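Here's the structure we're looking at; comments come further down.
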Amino acid sequence: MTGRVQIRRIYDDPTPDDGTRVLVDRIWPRGVSKERADLNEWCKQIAPSTELRKWYGHDPDRFAEFTRRYQAELEDPERADALAQLRKIANDGVLTLLTATKEVKISEAAVLADLISASK
C-alpha cells in the first residue's frame, strides 16, 4: 500500500495523522522551537535556490514560472537525491511536507507534493 502526501504550515499544531513530518524550507521558521516543530527531518537541501525564492516572492502570478524553474532545479543531483528520499517516505506511509509560507498552495511544498504524488 502506498501512502499519501499532504502539505501543512509549520505553524499549525502537529496531528496524529501527519505521519513523517518534513520541513522543506531552506530557512528555519521564525518563532518555532525545534520541540514545537516536532519534525522527523529538515530537508533544506531540497528548497528552491535563494535566487529563485527571492525572484518568486510568493507572487501568485509567478507561480507557474516558479514551478517550471523549481522543477529544473530539482534535477540537480543533491536535490534529486532528496526528492527520491521523500518519494520513498511517501511510498512507506503518510508524508507531511511543512513550510512556513502563508499560502501553502503556491509554495515549493505544493510543487513537491504534486511531483511525489504523480510518481506513485
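Within each chain, counting starts at residue 1; across the C-alpha cells, chains are named A, B, ... in the order shown, with ligands numbered 1 upward in that order.
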Arg79 of chain A surroundings by only C-alpha atoms, 12 Å radius, close-in-sequence under 2 positions cut, as a ChimeraX atom specification: /A:24,43-49,70-77,81-86,112
Residue selection dump (C-alpha atoms) as an mmCIF file, in the first residue's frame:
data_model
loop_
_atom_site.group_PDB
_atom_site.id
_atom_site.type_symbol
_atom_site.label_atom_id
_atom_site.label_comp_id
_atom_site.auth_asym_id
_atom_site.auth_seq_id
_atom_site.Cartn_x
_atom_site.Cartn_y
_atom_site.Cartn_z
ATOM 1 C CA VAL A 24 11.180 21.699 3.136
ATOM 2 C CA CYS A 43 15.260 18.653 4.232
ATOM 3 C CA LYS A 44 16.654 22.109 3.493
ATOM 4 C CA GLN A 45 18.728 20.869 0.541
ATOM 5 C CA ILE A 46 15.520 20.395 -1.484
ATOM 6 C CA ALA A 47 14.405 24.004 -1.049
ATOM 7 C CA PRO A 48 14.489 26.367 -4.031
ATOM 8 C CA SER A 49 17.652 28.392 -4.518
ATOM 9 C CA TYR A 70 11.977 24.890 -9.449
ATOM 10 C CA GLN A 71 11.403 21.601 -11.261
ATOM 11 C CA ALA A 72 14.546 22.352 -13.290
ATOM 12 C CA GLU A 73 16.468 22.949 -10.048
ATOM 13 C CA LEU A 74 15.238 19.598 -8.730
ATOM 14 C CA GLU A 75 17.291 17.888 -11.441
ATOM 15 C CA ASP A 76 20.447 18.924 -9.564
ATOM 16 C CA PRO A 77 21.937 15.686 -8.105
ATOM 17 C CA ASP A 81 18.539 12.529 -4.161
ATOM 18 C CA ALA A 82 16.468 14.419 -1.583
ATOM 19 C CA LEU A 83 13.362 14.119 -3.785
ATOM 20 C CA ALA A 84 13.954 10.376 -4.158
ATOM 21 C CA GLN A 85 14.158 10.086 -0.364
ATOM 22 C CA LEU A 86 10.859 11.967 0.039
ATOM 23 C CA LEU A 112 6.949 18.787 -4.311
#
Find the spatial neighbours of Trp55 of chain A, counting only C-alpha atoms, within a cut-off of 9 Å - ignore same-chain residues fewer than 5 positions away - and output them as JSON, numbers by chain. {"A": [50, 62, 66]}
For the residues in that selection, give me C-alpha atoms as an mmCIF file, in the first residue's frame.
data_model
loop_
_atom_site.group_PDB
_atom_site.id
_atom_site.type_symbol
_atom_site.label_atom_id
_atom_site.label_comp_id
_atom_site.auth_asym_id
_atom_site.auth_seq_id
_atom_site.Cartn_x
_atom_site.Cartn_y
_atom_site.Cartn_z
ATOM 1 C CA THR A 50 17.826 31.717 -2.723
ATOM 2 C CA ARG A 62 4.608 33.948 -10.986
ATOM 3 C CA PHE A 66 8.300 29.354 -10.384
#
Considering only C-alpha atoms, return as a PyMOL selection string whatever protein or nucleic-acid residues lie within 7 Å of segment 92-108 of chain A, sequence-local ones (same chain, fewer than 3 positions apart) excluded. chain A and resi 2-11+18-25+29+58+60+63+88-89+111-112
Given only C-alpha atoms as the counted atoms, nearest of A:Ile27, A:Ala37, A:Ile116, A:Val32 to Ala80 of chain A: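 Closest candidate: A:Ile116.
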Go ahead and compute the interatomic distance for atom CA of Arg30 of chain A and atom CA of Asp17 of chain A, in Å to one decimal.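 Going from atom CA of Arg30 of chain A over to atom CA of Asp17 of chain A, I get 24.5 Å.
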Could you give me, as a PyMOL selection string, each residue of segment 7-71 of chain A that DSSP assigns to alpha helix (DSSP H) when run on this structure's backbone? chain A and resi 34-37+50-56+63-71
Could the residues in this selection be saved with N, CA and C atoms as an mmCIF file, in the first residue's frame?
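Below you can see again-v7.cif, which holds the result:
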data_model
loop_
_atom_site.group_PDB
_atom_site.id
_atom_site.type_symbol
_atom_site.label_atom_id
_atom_site.label_comp_id
_atom_site.auth_asym_id
_atom_site.auth_seq_id
_atom_site.Cartn_x
_atom_site.Cartn_y
_atom_site.Cartn_z
ATOM 1 N N LYS A 34 12.372 23.858 18.020
ATOM 2 C CA LYS A 34 12.571 22.505 17.468
ATOM 3 C C LYS A 34 11.553 21.534 18.082
ATOM 4 N N GLU A 35 11.258 21.715 19.365
ATOM 5 C CA GLU A 35 10.301 20.834 20.038
ATOM 6 C C GLU A 35 8.899 21.006 19.451
ATOM 7 N N ARG A 36 8.494 22.259 19.273
ATOM 8 C CA ARG A 36 7.146 22.520 18.759
ATOM 9 C C ARG A 36 7.008 22.046 17.313
ATOM 10 N N ALA A 37 8.088 22.146 16.557
ATOM 11 C CA ALA A 37 8.042 21.732 15.152
ATOM 12 C C ALA A 37 7.771 20.239 15.024
ATOM 13 N N THR A 50 18.117 30.397 -3.274
ATOM 14 C CA THR A 50 17.826 31.717 -2.723
ATOM 15 C C THR A 50 17.410 32.676 -3.840
ATOM 16 N N GLU A 51 18.104 32.590 -4.976
ATOM 17 C CA GLU A 51 17.790 33.464 -6.107
ATOM 18 C C GLU A 51 16.358 33.242 -6.599
ATOM 19 N N LEU A 52 15.966 31.977 -6.744
ATOM 20 C CA LEU A 52 14.615 31.665 -7.222
ATOM 21 C C LEU A 52 13.576 32.099 -6.194
ATOM 22 N N ARG A 53 13.854 31.825 -4.940
ATOM 23 C CA ARG A 53 12.907 32.189 -3.880
ATOM 24 C C ARG A 53 12.679 33.695 -3.849
ATOM 25 N N LYS A 54 13.768 34.463 -3.960
ATOM 26 C CA LYS A 54 13.631 35.919 -3.927
ATOM 27 C C LYS A 54 12.924 36.437 -5.178
ATOM 28 N N TRP A 55 13.229 35.859 -6.339
ATOM 29 C CA TRP A 55 12.558 36.276 -7.578
ATOM 30 C C TRP A 55 11.052 36.015 -7.467
ATOM 31 N N TYR A 56 10.688 34.840 -6.967
ATOM 32 C CA TYR A 56 9.279 34.435 -6.883
ATOM 33 C C TYR A 56 8.506 35.310 -5.898
ATOM 34 N N PHE A 63 3.600 31.887 -10.085
ATOM 35 C CA PHE A 63 3.673 30.506 -9.611
ATOM 36 C C PHE A 63 3.973 29.513 -10.733
ATOM 37 N N ALA A 64 3.351 29.655 -11.889
ATOM 38 C CA ALA A 64 3.594 28.709 -12.988
ATOM 39 C C ALA A 64 5.066 28.736 -13.407
ATOM 40 N N GLU A 65 5.623 29.927 -13.538
ATOM 41 C CA GLU A 65 7.037 30.044 -13.917
ATOM 42 C C GLU A 65 7.940 29.569 -12.781
ATOM 43 N N PHE A 66 7.557 29.860 -11.539
ATOM 44 C CA PHE A 66 8.300 29.354 -10.384
ATOM 45 C C PHE A 66 8.341 27.828 -10.419
ATOM 46 N N THR A 67 7.184 27.212 -10.677
ATOM 47 C CA THR A 67 7.107 25.756 -10.726
ATOM 48 C C THR A 67 8.058 25.207 -11.784
ATOM 49 N N ARG A 68 8.053 25.809 -12.968
ATOM 50 C CA ARG A 68 8.920 25.350 -14.052
ATOM 51 C C ARG A 68 10.396 25.468 -13.646
ATOM 52 N N ARG A 69 10.775 26.609 -13.112
ATOM 53 C CA ARG A 69 12.170 26.824 -12.718
ATOM 54 C C ARG A 69 12.580 25.920 -11.555
ATOM 55 N N TYR A 70 11.669 25.739 -10.609
ATOM 56 C CA TYR A 70 11.977 24.890 -9.449
ATOM 57 C C TYR A 70 12.138 23.435 -9.880
ATOM 58 N N GLN A 71 11.268 22.976 -10.771
ATOM 59 C CA GLN A 71 11.403 21.601 -11.261
ATOM 60 C C GLN A 71 12.746 21.410 -11.962
#
Could you find all residues in chain A that DSSP calls strand (DSSP E or B) from the backbone, and write them as an mmCIF file with N, CA and C atoms, in the first residue's frame?
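Resulting contents of out-v9.cif:
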data_model
loop_
_atom_site.group_PDB
_atom_site.id
_atom_site.type_symbol
_atom_site.label_atom_id
_atom_site.label_comp_id
_atom_site.auth_asym_id
_atom_site.auth_seq_id
_atom_site.Cartn_x
_atom_site.Cartn_y
_atom_site.Cartn_z
ATOM 1 N N VAL A 5 0.612 12.124 0.402
ATOM 2 C CA VAL A 5 1.406 13.319 0.651
ATOM 3 C C VAL A 5 0.440 14.455 0.973
ATOM 4 N N GLN A 6 0.757 15.187 2.018
ATOM 5 C CA GLN A 6 -0.040 16.352 2.364
ATOM 6 C C GLN A 6 0.900 17.504 2.691
ATOM 7 N N ILE A 7 0.376 18.711 2.579
ATOM 8 C CA ILE A 7 1.177 19.891 2.915
ATOM 9 C C ILE A 7 0.465 20.675 4.009
ATOM 10 N N ARG A 8 1.292 21.212 4.906
ATOM 11 C CA ARG A 8 0.750 21.985 6.020
ATOM 12 C C ARG A 8 1.736 23.080 6.378
ATOM 13 N N ARG A 9 1.258 24.050 7.117
ATOM 14 C CA ARG A 9 2.141 25.088 7.644
ATOM 15 C C ARG A 9 2.828 24.568 8.900
ATOM 16 N N THR A 20 5.154 11.093 8.683
ATOM 17 C CA THR A 20 6.501 11.638 8.716
ATOM 18 C C THR A 20 6.447 13.120 8.376
ATOM 19 N N ARG A 21 6.937 13.948 9.288
ATOM 20 C CA ARG A 21 6.887 15.409 9.130
ATOM 21 C C ARG A 21 8.244 15.918 8.660
ATOM 22 N N VAL A 22 8.253 16.555 7.476
ATOM 23 C CA VAL A 22 9.498 17.032 6.878
ATOM 24 C C VAL A 22 9.364 18.509 6.514
ATOM 25 N N LEU A 23 10.231 19.332 7.090
ATOM 26 C CA LEU A 23 10.290 20.750 6.740
ATOM 27 C C LEU A 23 11.087 20.880 5.444
ATOM 28 N N GLU A 41 12.397 15.273 10.011
ATOM 29 C CA GLU A 41 13.532 15.643 9.182
ATOM 30 C C GLU A 41 13.383 17.095 8.726
ATOM 31 N N TRP A 42 14.529 17.751 8.549
ATOM 32 C CA TRP A 42 14.574 19.079 7.936
ATOM 33 C C TRP A 42 15.360 18.907 6.652
ATOM 34 N N LEU A 95 3.306 11.232 4.313
ATOM 35 C CA LEU A 95 4.358 12.237 4.315
ATOM 36 C C LEU A 95 3.700 13.607 4.404
ATOM 37 N N THR A 96 4.078 14.379 5.412
ATOM 38 C CA THR A 96 3.585 15.746 5.542
ATOM 39 C C THR A 96 4.744 16.696 5.278
ATOM 40 N N LEU A 97 4.602 17.455 4.193
ATOM 41 C CA LEU A 97 5.600 18.468 3.844
ATOM 42 C C LEU A 97 5.218 19.760 4.541
ATOM 43 N N LEU A 98 6.157 20.324 5.276
ATOM 44 C CA LEU A 98 5.890 21.515 6.074
ATOM 45 C C LEU A 98 6.636 22.719 5.522
ATOM 46 N N THR A 99 5.964 23.861 5.560
ATOM 47 C CA THR A 99 6.541 25.120 5.110
ATOM 48 C C THR A 99 6.021 26.246 5.987
#
Rounded to one decimal place, report the atom CA of Asp38 of chain A-atom CA of Thr15 of chain A distance in Å. 10.1 Å
